$ cat upload_13.txt   # compact mmCIF, C-alpha atoms
# COMPACT_ATOMS: atom_id res chain seq x y z
CA MET L 1 97.57 122.72 122.03
CA THR L 2 95.28 120.30 123.79
CA ILE L 3 96.71 116.80 124.04
CA PRO L 4 95.01 114.20 121.84
CA VAL L 5 94.15 111.27 124.07
CA ALA L 6 92.77 107.79 123.41
CA THR L 7 91.01 105.99 126.22
CA VAL L 8 90.28 102.31 126.48
CA ILE L 9 86.73 101.53 127.51
CA GLY L 10 86.67 99.08 130.39
CA GLY L 11 84.21 97.80 132.91
CA ARG L 12 84.99 100.43 135.51
CA PRO L 13 83.54 103.93 135.69
CA TRP L 14 86.80 105.94 135.61
CA GLU L 15 86.88 106.04 131.78
CA ALA L 16 83.45 107.65 131.37
CA GLU L 17 84.33 110.17 134.10
CA LEU L 18 87.64 110.96 132.46
CA VAL L 19 85.98 111.49 129.06
CA ALA L 20 83.22 113.65 130.54
CA THR L 21 85.75 115.76 132.46
CA ALA L 22 87.98 116.13 129.39
CA ARG L 23 85.02 117.26 127.32
CA ASN L 24 83.80 119.70 129.90
CA THR L 25 87.16 121.24 130.72
CA GLY L 26 88.96 120.96 127.39
CA LEU L 27 92.08 119.68 129.19
CA ALA L 28 92.40 116.89 126.62
CA ARG L 29 90.92 116.01 123.26
CA ILE L 30 89.43 112.53 123.28
CA VAL L 31 90.25 111.35 119.77
CA ALA L 32 89.27 107.73 120.33
CA ARG L 33 87.43 105.60 122.85
CA CYS L 34 88.82 102.20 122.11
CA VAL L 35 87.57 98.67 122.61
CA ASP L 36 90.49 96.74 121.10
CA PRO L 37 94.21 97.52 120.77
CA ALA L 38 94.04 98.32 117.06
CA ASP L 39 91.58 101.17 117.73
CA VAL L 40 94.36 103.01 119.54
CA THR L 41 96.78 102.98 116.63
CA ARG L 42 93.99 103.69 114.12
CA ALA L 43 92.88 106.83 115.95
CA SER L 44 92.59 109.83 113.65
CA PRO L 45 94.02 112.30 114.43
CA PRO L 46 96.66 110.17 116.13
CA ALA L 47 96.64 110.10 119.90
CA ARG L 48 99.73 111.03 121.88
CA VAL L 49 98.58 109.48 125.14
CA VAL L 50 96.64 106.28 125.82
CA VAL L 51 94.82 105.90 129.10
CA VAL L 52 94.09 102.26 129.85
CA GLY L 53 92.75 100.42 132.86
CA SER L 54 94.19 97.23 134.32
CA GLU L 55 90.72 95.70 133.95
CA THR L 56 91.08 95.68 130.14
CA PRO L 57 90.80 91.99 129.18
CA TRP L 58 93.44 92.00 126.41
CA LEU L 59 95.95 94.24 128.16
CA THR L 60 99.39 92.68 128.56
CA PRO L 61 102.82 94.22 129.19
CA ALA L 62 103.58 93.54 125.51
CA VAL L 63 100.64 95.69 124.39
CA VAL L 64 101.87 98.57 126.57
CA ARG L 65 105.40 98.18 125.24
CA THR L 66 104.11 98.19 121.66
CA TRP L 67 102.27 101.46 122.21
CA ARG L 68 105.31 103.01 123.83
CA HIS L 69 107.46 101.76 120.97
CA ARG L 70 105.12 103.63 118.63
CA GLY L 71 105.81 106.83 120.52
CA LEU L 72 102.66 106.95 122.62
CA ALA L 73 102.74 107.74 126.32
CA VAL L 74 100.73 105.21 128.32
CA VAL L 75 98.85 106.05 131.49
CA GLY L 76 97.72 103.00 133.45
CA VAL L 77 94.75 103.19 135.78
CA HIS L 78 94.02 100.48 138.34
CA PRO L 79 91.79 100.00 141.36
CA PRO L 80 93.87 100.92 144.43
CA THR L 81 93.61 97.40 145.83
CA ASP L 82 94.43 95.63 142.56
CA ARG L 83 98.11 94.85 143.08
CA PRO L 84 98.40 92.34 140.17
CA GLY L 85 96.85 94.97 137.90
CA ARG L 86 99.38 97.54 139.06
CA ARG L 87 102.19 95.05 138.48
CA LEU L 88 100.94 94.36 134.94
CA LEU L 89 100.99 98.09 134.13
CA ALA L 90 104.45 98.51 135.66
CA GLU L 91 105.84 95.53 133.71
CA GLY L 92 104.71 97.11 130.47
CA GLY L 93 106.54 100.31 131.41
CA CYS L 94 103.58 102.69 131.70
CA ASP L 95 104.69 106.31 131.85
CA LEU L 96 102.25 106.99 134.67
CA ILE L 97 100.33 104.61 136.90
CA VAL L 98 97.48 105.99 138.98
CA GLY L 99 94.73 104.56 141.14
CA ASP L 100 91.24 104.94 139.73
CA ASP L 101 90.16 106.67 142.92
CA ARG L 102 92.12 109.73 141.76
CA PRO L 103 89.82 112.50 140.49
CA ALA L 104 89.66 112.61 136.69
CA LEU L 105 90.70 116.25 136.79
CA GLU L 106 93.99 115.32 138.48
CA ILE L 107 94.69 112.56 135.98
CA LEU L 108 94.05 114.94 133.10
CA GLY L 109 96.32 117.50 134.73
CA GLU L 110 99.18 115.01 134.71
CA LEU L 111 98.80 114.07 131.04
CA ALA L 112 100.75 117.12 129.90
CA ALA L 113 103.77 115.91 131.88
CA VAL L 114 103.87 112.50 130.21
CA ALA L 115 102.71 113.37 126.69
CA PRO L 116 105.50 113.11 124.14
CA PRO L 117 106.17 116.24 122.09
CA PRO L 118 104.07 116.50 118.94
CA PRO L 119 105.65 114.61 116.06
CA ARG L 120 107.69 116.71 113.70
CA PRO L 121 107.63 116.05 109.98
CA SER L 122 110.56 113.78 109.28
CA VAL L 123 113.58 115.40 107.70
CA ASP L 124 115.31 113.59 104.89
CA ILE L 125 119.04 113.64 105.18
CA VAL L 126 120.42 114.00 101.67
CA ALA L 127 123.72 112.15 101.30
CA VAL L 128 126.14 113.16 98.56
CA THR L 129 128.61 110.51 97.50
CA GLY L 130 130.72 109.58 94.51
CA PRO L 131 133.70 107.46 93.51
CA ARG L 132 137.27 108.14 94.53
CA GLY L 133 139.14 110.50 92.24
CA ALA L 134 137.61 113.91 92.98
CA PRO L 135 134.38 113.85 90.94
CA GLY L 136 133.29 117.02 92.76
CA ARG L 137 131.32 115.57 95.67
CA THR L 138 132.10 118.43 98.02
CA GLU L 139 131.37 121.07 95.40
CA VAL L 140 128.05 119.47 94.46
CA ALA L 141 127.09 118.98 98.13
CA LEU L 142 127.93 122.62 98.82
CA ALA L 143 126.04 123.88 95.78
CA LEU L 144 123.01 121.72 96.54
CA ALA L 145 122.95 122.90 100.17
CA TRP L 146 123.40 126.46 98.91
CA VAL L 147 120.34 126.21 96.67
CA LEU L 148 118.27 124.52 99.39
CA GLY L 149 119.53 127.07 101.92
CA GLY L 150 118.04 129.84 99.82
CA ARG L 151 114.59 128.33 100.40
CA ALA L 152 114.66 126.92 103.95
CA PRO L 153 117.11 126.50 106.86
CA THR L 154 119.75 124.05 105.67
CA VAL L 155 122.82 122.49 107.23
CA LEU L 156 125.66 120.95 105.29
CA ALA L 157 127.50 118.34 107.32
CA GLU L 158 130.91 116.97 106.50
CA CYS L 159 130.78 113.22 106.95
CA ASP L 160 133.82 112.48 104.81
CA PHE L 161 136.14 111.38 107.58
CA GLU L 162 139.08 110.82 105.26
CA GLY L 163 138.86 113.72 102.84
CA ARG L 164 137.57 116.57 104.98
CA ALA L 165 137.62 118.85 101.99
CA LEU L 166 134.71 120.99 103.11
CA GLY L 167 136.63 123.01 105.68
CA LEU L 168 139.39 123.69 103.15
CA ARG L 169 136.93 124.54 100.39
CA LEU L 170 135.16 127.07 102.57
CA ALA L 171 138.36 128.30 104.20
CA LEU L 172 136.91 127.64 107.62
CA ALA L 173 139.09 127.77 110.67
CA PRO L 174 139.55 124.14 111.72
CA ALA L 175 137.41 122.94 114.58
CA THR L 176 139.65 122.46 117.58
CA ALA L 177 137.70 119.62 119.15
CA GLY L 178 134.79 117.48 118.06
CA MET L 179 132.72 119.40 115.57
CA ARG L 180 131.72 122.97 114.89
CA LEU L 181 128.84 124.79 113.25
CA ASP L 182 129.69 127.80 111.08
CA ARG L 183 127.40 130.08 109.15
CA VAL L 184 128.47 130.35 105.50
CA GLY L 185 126.25 132.27 103.09
CA PRO L 186 122.69 130.95 103.34
CA ILE L 187 123.69 127.68 105.04
CA ASP L 188 125.15 126.35 108.25
CA VAL L 189 128.17 124.08 107.93
CA LEU L 190 128.92 121.32 110.41
CA HIS L 191 132.54 120.28 110.19
CA LEU L 192 134.85 118.08 112.14
CA ALA L 193 138.04 118.71 114.02
CA PRO L 194 141.14 117.21 112.35
CA GLY L 195 141.48 114.65 115.13
CA ALA L 196 137.91 113.43 114.94
CA GLY L 197 138.00 109.87 113.71
CA PRO L 198 135.46 107.22 112.80
CA LEU L 199 134.45 107.04 116.44
CA SER L 200 132.60 110.28 115.96
CA GLU L 201 130.23 108.65 113.47
CA SER L 202 127.67 107.71 116.11
CA LEU L 203 128.01 111.16 117.61
CA LEU L 204 127.53 112.58 114.15
CA ALA L 205 124.39 110.50 113.63
CA ARG L 206 122.93 111.91 116.83
CA THR L 207 123.99 115.40 115.85
CA LEU L 208 122.32 115.05 112.47
CA ALA L 209 119.13 113.82 114.11
CA THR L 210 119.20 116.92 116.30
CA ALA L 211 120.03 119.05 113.28
CA GLY L 212 116.86 117.75 111.66
CA GLU L 213 114.87 119.49 114.38
CA ARG L 214 116.46 122.85 113.65
CA PHE L 215 116.83 122.65 109.91
CA GLU L 216 114.48 121.86 107.11
CA HIS L 217 117.21 120.21 105.01
CA VAL L 218 120.32 118.31 106.01
CA VAL L 219 122.89 117.65 103.28
CA THR L 220 125.87 115.42 104.05
CA ASP L 221 129.10 114.98 102.13
CA VAL L 222 129.82 111.33 102.90
CA GLY L 223 132.91 110.94 100.75
CA PRO L 224 133.51 107.90 98.53
CA ARG L 225 131.37 105.44 100.49
CA ILE L 226 127.87 104.12 99.98
CA PRO L 227 125.59 105.82 102.50
CA THR L 228 123.46 103.68 104.76
CA GLY L 229 120.82 106.25 105.66
CA SER L 230 117.24 106.11 104.42
CA GLY L 231 117.20 109.56 102.83
CA PRO L 232 117.82 110.44 99.19
CA THR L 233 121.32 109.86 97.89
CA ILE L 234 123.09 111.94 95.27
CA LEU L 235 125.80 110.11 93.35
CA VAL L 236 128.28 112.48 91.71
CA THR L 237 130.34 111.35 88.78
CA THR L 238 132.06 112.83 85.76
CA PRO L 239 132.50 111.61 82.19
CA ALA L 240 136.19 110.81 82.87
CA PRO L 241 136.62 107.11 81.98
CA VAL L 242 138.35 106.15 85.21
CA LEU L 243 135.59 107.75 87.28
CA LEU L 244 132.88 106.11 85.20
CA VAL L 245 134.47 102.71 85.84
CA ARG L 246 134.64 103.44 89.55
CA THR L 247 131.04 104.72 89.56
CA ALA L 248 129.86 101.55 87.83
CA ALA L 249 131.75 99.47 90.42
CA MET L 250 130.15 101.51 93.20
CA LEU L 251 126.68 100.97 91.73
CA HIS L 252 127.42 97.26 91.49
CA ARG L 253 127.85 97.20 95.28
CA TRP L 254 124.93 99.55 95.84
CA GLU L 255 122.23 98.57 98.32
CA GLY L 256 118.97 100.37 98.90
CA PRO L 257 117.07 102.73 96.61
CA PRO L 258 119.02 103.76 93.50
CA PRO L 259 120.74 107.13 93.82
CA LEU L 260 119.98 110.36 92.00
CA LEU L 261 122.84 110.80 89.58
CA VAL L 262 124.58 114.13 89.08
CA ALA L 263 126.78 114.17 86.02
CA ASN L 264 129.43 116.73 86.84
CA ARG L 265 131.79 118.48 84.40
CA VAL L 266 129.71 117.50 81.40
CA GLY L 267 130.87 119.06 78.16
CA GLY L 268 128.07 117.95 75.84
CA THR L 269 125.71 115.22 74.69
CA SER L 270 128.42 112.64 74.15
CA ASP L 271 129.54 113.05 77.76
CA LEU L 272 125.99 112.54 79.00
CA ARG L 273 125.65 109.49 76.79
CA ALA L 274 128.84 108.04 78.24
CA VAL L 275 127.55 108.61 81.78
CA ARG L 276 124.23 106.94 80.94
CA ARG L 277 125.94 103.99 79.31
CA ALA L 278 128.35 103.41 82.18
CA THR L 279 125.89 103.81 85.02
CA GLY L 280 122.57 102.71 83.54
CA LEU L 281 121.02 105.75 85.20
CA GLU L 282 119.46 108.86 83.74
CA PRO L 283 121.24 111.85 85.30
CA ALA L 284 118.97 113.95 87.51
CA ALA L 285 121.24 116.92 86.87
CA ALA L 286 124.09 117.72 84.51
CA ALA L 287 126.60 120.31 85.67
CA PRO L 288 128.96 122.05 83.27
CA VAL L 289 132.72 122.36 83.53
CA VAL L 290 133.66 125.26 85.79
CA ALA L 291 136.98 126.66 86.87
CA PRO L 292 138.24 125.43 90.24
CA PRO L 293 136.66 127.72 92.81
CA ARG L 294 138.75 129.78 95.20
CA PRO L 295 138.73 128.63 98.82
CA GLY L 296 136.03 130.48 100.72
CA SER L 297 134.07 131.48 97.62
CA ALA L 298 130.42 130.73 96.93
CA PRO L 299 129.63 127.82 94.59
CA PRO L 300 129.91 128.76 90.89
CA ARG L 301 126.65 130.06 89.46
CA PRO L 302 126.49 127.55 86.56
CA LEU L 303 126.64 124.74 89.11
CA LEU L 304 123.91 126.35 91.23
CA ARG L 305 121.73 126.70 88.14
CA ALA L 306 122.34 123.08 87.16
CA LEU L 307 121.19 121.87 90.57
CA GLU L 308 118.11 124.13 90.87
CA GLU L 309 115.67 121.55 89.55
CA LEU L 310 117.13 118.72 91.59
CA ALA L 311 116.98 120.86 94.74
CA GLY L 312 113.36 121.71 93.96
CA THR L 313 112.56 118.04 93.69
CA LEU L 314 114.29 117.25 96.96
CA ALA L 315 112.66 120.16 98.74
CA GLY L 316 109.23 119.45 97.34
CA ASN L 317 108.91 115.71 97.63
CA GLY L 318 111.62 114.39 99.90
CA VAL L 319 112.06 111.72 97.26
CA SER L 320 114.64 109.01 97.43
CA GLY L 321 113.97 107.08 94.26
CA PRO L 322 115.85 107.12 91.00
CA PRO L 323 115.07 109.49 88.20
CA GLY L 324 112.35 108.28 85.94
CA SER L 325 110.86 106.00 88.59
CA SER L 326 107.55 106.73 90.30
CA ARG L 327 109.43 107.79 93.43
CA GLY L 328 112.08 109.62 91.53
CA ASN L 329 112.34 113.26 90.70
CA GLY L 330 108.92 113.33 89.20
CA GLY L 331 110.20 111.67 86.07
CA ARG L 332 112.34 114.68 85.32
CA SER L 333 115.96 114.34 84.57
CA ALA L 334 118.70 116.22 82.89
CA SER L 335 117.42 116.42 79.36
CA PRO L 336 119.68 115.75 76.41
CA GLU L 337 118.55 119.15 75.17
CA ALA L 338 120.06 120.69 78.25
CA ALA L 339 123.30 118.92 77.51
CA ARG L 340 123.18 120.00 73.87
CA ARG L 341 122.97 123.60 74.90
CA PRO L 342 126.39 125.16 74.72
CA MET L 343 127.98 125.16 78.14
CA ARG L 344 129.06 128.49 79.44
CA ARG L 345 132.71 129.09 79.09
CA PRO L 346 134.57 128.37 82.30
CA ARG L 347 134.85 131.50 84.30
CA ALA L 348 138.22 132.87 85.03
CA ARG L 349 137.38 132.52 88.70
CA ALA L 350 134.43 131.51 90.77
CA ASP L 351 131.88 133.94 92.07
CA GLY L 352 132.91 135.52 95.29
CA MET Y 1 109.38 80.58 149.05
CA PHE Y 2 106.56 78.18 148.23
CA ASP Y 3 103.77 79.76 146.20
CA GLU Y 4 100.49 78.01 146.93
CA MET Y 5 99.07 79.21 143.59
CA PHE Y 6 101.46 76.88 141.83
CA HIS Y 7 100.52 73.85 143.89
CA PRO Y 8 99.79 71.02 141.40
CA ASP Y 9 96.30 70.50 142.86
CA LEU Y 10 95.41 74.14 142.23
CA VAL Y 11 96.73 74.53 138.71
CA GLU Y 12 93.50 73.48 137.01
CA THR Y 13 91.40 75.57 139.43
CA GLY Y 14 93.62 78.56 138.76
CA ARG Y 15 93.23 78.10 135.02
CA VAL Y 16 89.44 77.93 135.26
CA LEU Y 17 89.29 80.99 137.49
CA SER Y 18 91.61 82.92 135.21
CA HIS Y 19 89.47 81.97 132.19
CA ARG Y 20 86.31 83.09 133.98
CA LEU Y 21 87.93 86.35 134.99
CA ASP Y 22 88.89 87.00 131.38
CA GLN Y 23 85.32 86.28 130.26
CA ILE Y 24 83.92 88.62 132.89
CA LEU Y 25 86.33 91.39 131.93
CA GLU Y 26 85.43 91.00 128.26
CA ALA Y 27 81.71 91.05 129.03
CA GLU Y 28 82.17 94.13 131.22
CA GLN Y 29 84.12 95.87 128.49
CA GLN Y 30 81.49 95.10 125.86
CA ALA Y 31 78.75 96.29 128.20
CA ALA Y 32 80.69 99.50 128.88
CA ALA Y 33 81.19 100.11 125.16
CA ILE Y 34 77.47 99.56 124.48
CA ALA Y 35 76.51 101.75 127.44
CA ALA Y 36 78.84 104.51 126.21
CA ARG Y 37 77.06 104.46 122.86
CA ARG Y 38 73.51 104.13 124.21
CA LEU Y 39 73.94 106.89 126.78
CA SER Y 40 75.53 109.33 124.34
CA THR Y 41 73.65 112.45 123.36
CA LEU Y 42 73.80 114.56 120.24
CA ARG Y 43 76.04 116.95 122.16
CA ASP Y 44 78.40 114.06 123.02
CA ARG Y 45 78.62 113.09 119.36
CA LEU Y 46 79.31 116.67 118.34
CA LEU Y 47 81.96 116.98 121.07
CA ASP Y 48 83.46 113.81 119.68
CA ALA Y 49 83.54 115.37 116.20
CA GLU Y 50 85.14 118.53 117.59
CA ASP Y 51 87.86 116.57 119.42
CA ARG Y 52 88.63 114.54 116.31
CA GLY Y 53 88.62 117.57 114.06
CA VAL Y 54 85.84 116.09 111.92
CA VAL Y 55 83.91 118.43 109.62
CA VAL Y 56 80.14 118.23 110.05
CA ALA Y 57 77.18 119.28 107.96
CA VAL Y 58 74.38 120.46 110.23
CA HIS Y 59 70.85 120.64 108.85
CA THR Y 60 68.37 122.82 110.68
CA LYS Y 61 64.61 123.30 110.79
CA ASP Y 62 64.87 126.30 108.49
CA GLY Y 63 66.39 124.05 105.83
CA ARG Y 64 69.71 125.86 105.54
CA PRO Y 65 72.63 123.47 106.12
CA ALA Y 66 75.87 124.69 107.65
CA GLU Y 67 79.09 122.80 106.98
CA GLY Y 68 82.37 123.20 108.82
CA ALA Y 69 84.34 122.43 111.95
CA PRO Y 70 82.06 122.45 114.99
CA ALA Y 71 82.74 124.08 118.35
CA VAL Y 72 80.35 122.78 120.94
CA ALA Y 73 78.82 124.90 123.71
CA LEU Y 74 76.25 123.98 126.33
CA ASP Y 75 73.08 124.66 124.34
CA HIS Y 76 74.34 125.43 120.86
CA ILE Y 77 77.14 124.73 118.41
CA GLU Y 78 79.21 127.14 116.44
CA VAL Y 79 80.03 125.96 112.94
CA ALA Y 80 82.93 127.65 111.19
CA THR Y 81 81.80 128.00 107.58
CA PRO Y 82 83.71 129.75 104.78
CA SER Y 83 81.27 132.66 105.03
CA GLY Y 84 81.71 133.00 108.80
CA ALA Y 85 80.65 131.39 112.06
CA VAL Y 86 77.09 130.12 112.41
CA LEU Y 87 75.54 129.58 115.84
CA ILE Y 88 72.91 126.85 115.92
CA PRO Y 89 70.89 125.93 119.03
CA PHE Y 90 70.67 122.17 119.58
CA THR Y 91 66.89 122.42 119.48
CA GLU Y 92 67.07 123.63 115.87
CA ILE Y 93 69.14 120.73 114.57
CA THR Y 94 67.31 118.16 112.50
CA ARG Y 95 70.23 116.19 111.08
CA VAL Y 96 74.02 116.02 111.35
CA GLU Y 97 76.33 114.47 108.78
CA LEU Y 98 79.88 113.63 109.78
CA ARG Y 99 82.23 114.27 106.86
$ encode --input "upload_13.txt" --output "structure tokens"
Amino acid sequence: MTIPVATVIGGRPWEAELVATARNTGLARIVARCVDPADVTRASPPARVVVVGSETPWLTPAVVRTWRHRGLAVVGVHPPTDRPGRRLLAEGGCDLIVGDDRPALEILGELAAVAPPPPRPSVDIVAVTGPRGAPGRTEVALALAWVLGGRAPTVLAECDFEGRALGLRLALAPATAGMRLDRVGPIDVLHLAPGAGPLSESLLARTLATAGERFEHVVTDVGPRIPTGSGPTILVTTPAPVLLVRTAAMLHRWEGPPPLLVANRVGGTSDLRAVRRATGLEPAAAAPVVAPPRPGSAPPRPLLRALEELAGTLAGNGVSGPPGSSRGNGGRSASPEAARRPMRRPRARADG
Amino acid sequence: MFDEMFHPDLVETGRVLSHRLDQILEAEQQAAAIAARRLSTLRDRLLDAEDRGVVVAVHTKDGRPAEGAPAVALDHIEVATPSGAVLIPFTEITRVELR
């Protein structure tokens, strides 16, 4: 695709030549011819490269740095004899600095080398957390990833450095060093080697960022800690009194957008009421009691069904707000009617 | 090394020259921006719309408007309309609306 370029109009003729050549050859799309710095960032569609001359009156190294910080590549053009101008462009960190005696065709030919890759839609990393005491974080994370994986490429990453239940739950051979990616059902699972400690967290962050380029959805099981990422957070709890107390304590320390609450192992309306009362949140999903799944088996179907709507919300909107809020799951939440419906009897064993 | 530009006697002169240079650069930039607009042709404006992905409504002498994304050639434009591509010579265009 042709590179969208913004040029800055200056007092020298190179800009008009560059624009005319770009228009005649189609080597670049001139999406803006700017007179002040704000024109560059306002360009629609957004430019990926800015070509600016050292003669621009308001150009400073800080302006160049700001553009680069915003992900734009900056090409600086200067008269061959203008050494201060060249220095100014170099101080700002221009990706390419060329003399304005270079033919416009050559400058355009070099744009492809400096242009950053087209921006990719940002991927929300969904973090699944919950209090200590086995509320079913791993099972919910797995089921949620499973549902999302049925719609788009999804990776489930184990970020619970202490528990590391995911490998056991899926009966995966332990990673021998660092981390490993395994294909399980419709999802990919990223899990850590037993020796991988907290030091791998930064590595994991980079891995997840890379994962976002390959996968549409990234679900992380972060264990019993409050996630710090900017994506949606799922808080798993159960109606068990001790877990409700711990969940309330967790919410008391909570920072950032309120989580989406999943009430796990709910037996009826009274359980849902207890969860609401203890947390002050309307559950986004209510999952029934299911028999403990066998290692290596798929998530139980009742759990998958319970998380369908939540997964749809996450897949559709990339929301991170609480249920019932304008940024929440579209105002939908686990209805009391759903809780009043008789829960399916626990299966003798989970689906294989 | 001594830098003569920072000699105390030259500081004020340097400031004045720098200010004048800034004024000249600003005036040149304004003049260039005005010249770019005044020298532009209808084809330039349509090329601009094509590069920006702007939808245009082109009215012609026969009174039948065509609306869509333009693709500009040397003597005509091709407008992609829902019913198909329409080729319009520049000489037939009476009005263009940028949407």
$ atom_distance --input "upload_13.txt" --atom1 "atom CA of Asp75 of chain Y" --atom2 "atom CA of Phe90 of chain Y"
5.9 Å
$ residues_around --input "upload_13.txt" --residues "Glu308 of chain L" --least-positions-apart "3" --cutoff "8 Å" --atoms "only C-alpha atoms" --output "PyMOL selection string"
chain L and resi 144+147+304-305+311-312
$ write_last_selection --input "upload_13.txt" --atoms "C-alpha atoms" --output "short mmCIF file (atom, residue, chain, number, x, y, z; two decimals), keeping the file's coordinate frame"
data_model
loop_
_atom_site.label_atom_id
_atom_site.label_comp_id
_atom_site.auth_asym_id
_atom_site.auth_seq_id
_atom_site.Cartn_x
_atom_site.Cartn_y
_atom_site.Cartn_z
CA LEU L 144 123.01 121.72 96.54
CA VAL L 147 120.34 126.21 96.67
CA LEU L 304 123.91 126.35 91.23
CA ARG L 305 121.73 126.70 88.14
CA ALA L 311 116.98 120.86 94.74
CA GLY L 312 113.36 121.71 93.96
#
$ interface_residues --input "upload_13.txt" --of "chain L" --to "chain Y" --cutoff "8 Å" --atoms "only C-alpha atoms" --output "number ranges by chain"
L: 4, 9-12, 16, 23, 29-32, 35, 44-45, 55-57
$ write_last_selection --input "upload_13.txt" --atoms "C-alpha atoms" --output "PDB file, keeping the file's coordinate frame"
ATOM      1  CA  PRO L   4      95.010 114.200 121.840  1.00  0.00           C
ATOM      2  CA  ILE L   9      86.730 101.530 127.510  1.00  0.00           C
ATOM      3  CA  GLY L  10      86.670  99.080 130.390  1.00  0.00           C
ATOM      4  CA  GLY L  11      84.210  97.800 132.910  1.00  0.00           C
ATOM      5  CA  ARG L  12      84.990 100.430 135.510  1.00  0.00           C
ATOM      6  CA  ALA L  16      83.450 107.650 131.370  1.00  0.00           C
ATOM      7  CA  ARG L  23      85.020 117.260 127.320  1.00  0.00           C
ATOM      8  CA  ARG L  29      90.920 116.010 123.260  1.00  0.00           C
ATOM      9  CA  ILE L  30      89.430 112.530 123.280  1.00  0.00           C
ATOM     10  CA  VAL L  31      90.250 111.350 119.770  1.00  0.00           C
ATOM     11  CA  ALA L  32      89.270 107.730 120.330  1.00  0.00           C
ATOM     12  CA  VAL L  35      87.570  98.670 122.610  1.00  0.00           C
ATOM     13  CA  SER L  44      92.590 109.830 113.650  1.00  0.00           C
ATOM     14  CA  PRO L  45      94.020 112.300 114.430  1.00  0.00           C
ATOM     15  CA  GLU L  55      90.720  95.700 133.950  1.00  0.00           C
ATOM     16  CA  THR L  56      91.080  95.680 130.140  1.00  0.00           C
ATOM     17  CA  PRO L  57      90.800  91.990 129.180  1.00  0.00           C
TER      18      PRO L  57
END
$ atom_distance --input "upload_13.txt" --atom1 "atom CA of Pro224 of chain L" --atom2 "atom CA of Leu281 of chain L"
18.4 Å
$ atom_distance --input "upload_13.txt" --atom1 "atom CA of Ala274 of chain L" --atom2 "atom CA of Thr129 of chain L"
19.4 Å
$ residues_near_point --input "upload_13.txt" --point "(77.5, 123.5, 113.2)" --cutoff "12 Å" --atoms "all atoms listed in the file" --output "PyMOL selection string"
chain Y and resi 42-43+46-47+49-50+54-60+64-73+76-81+84-90+92-98
$ residues_around --input "upload_13.txt" --residues "Met250 of chain L" --least-positions-apart "2" --cutoff "10 Å" --atoms "only C-alpha atoms" --output "PDB file with C-alpha atoms, keeping the file's coordinate frame"
ATOM      1  CA  GLY L 130     130.720 109.580  94.510  1.00  0.00           C
ATOM      2  CA  PRO L 131     133.700 107.460  93.510  1.00  0.00           C
ATOM      3  CA  ARG L 132     137.270 108.140  94.530  1.00  0.00           C
ATOM      4  CA  PRO L 224     133.510 107.900  98.530  1.00  0.00           C
ATOM      5  CA  ARG L 225     131.370 105.440 100.490  1.00  0.00           C
ATOM      6  CA  ILE L 226     127.870 104.120  99.980  1.00  0.00           C
ATOM      7  CA  LEU L 235     125.800 110.110  93.350  1.00  0.00           C
ATOM      8  CA  LEU L 244     132.880 106.110  85.200  1.00  0.00           C
ATOM      9  CA  VAL L 245     134.470 102.710  85.840  1.00  0.00           C
ATOM     10  CA  ARG L 246     134.640 103.440  89.550  1.00  0.00           C
ATOM     11  CA  THR L 247     131.040 104.720  89.560  1.00  0.00           C
ATOM     12  CA  ALA L 248     129.860 101.550  87.830  1.00  0.00           C
ATOM     13  CA  HIS L 252     127.420  97.260  91.490  1.00  0.00           C
ATOM     14  CA  ARG L 253     127.850  97.200  95.280  1.00  0.00           C
ATOM     15  CA  TRP L 254     124.930  99.550  95.840  1.00  0.00           C
ATOM     16  CA  GLU L 255     122.230  98.570  98.320  1.00  0.00           C
ATOM     17  CA  THR L 279     125.890 103.810  85.020  1.00  0.00           C
TER      18      THR L 279
END
$ closest_residue --input "upload_13.txt" --among "Y:Ser40, Y:Thr13, Y:Ser18, Y:Ser83" --to "Ala20 of chain L" --atoms "only C-alpha atoms"
Y:Ser40
$ closest_residue --input "upload_13.txt" --among "L:Ile187, L:Met179, L:Ile234, L:Ala38" --to "Leu314 of chain L" --atoms "all atoms listed in the file"
L:Ile234
$ closest_residue --input "upload_13.txt" --among "L:Val77, L:Val140, L:Val189, L:Leu307" --to "Pro174 of chain L" --atoms "only C-alpha atoms"
L:Val189
$ residues_near_point --input "upload_13.txt" --point "(128.9, 117.6, 88.8)" --cutoff "7 Å" --atoms "all atoms listed in the file" --output "ChimeraX atom specification"
/L:135-136,140,236-238,262-265,286-287
$ closest_residue --input "upload_13.txt" --among "L:Ser54, L:Thr21, L:Thr7, L:Thr228" --to "Ala73 of chain L" --atoms "all atoms listed in the file"
L:Thr7
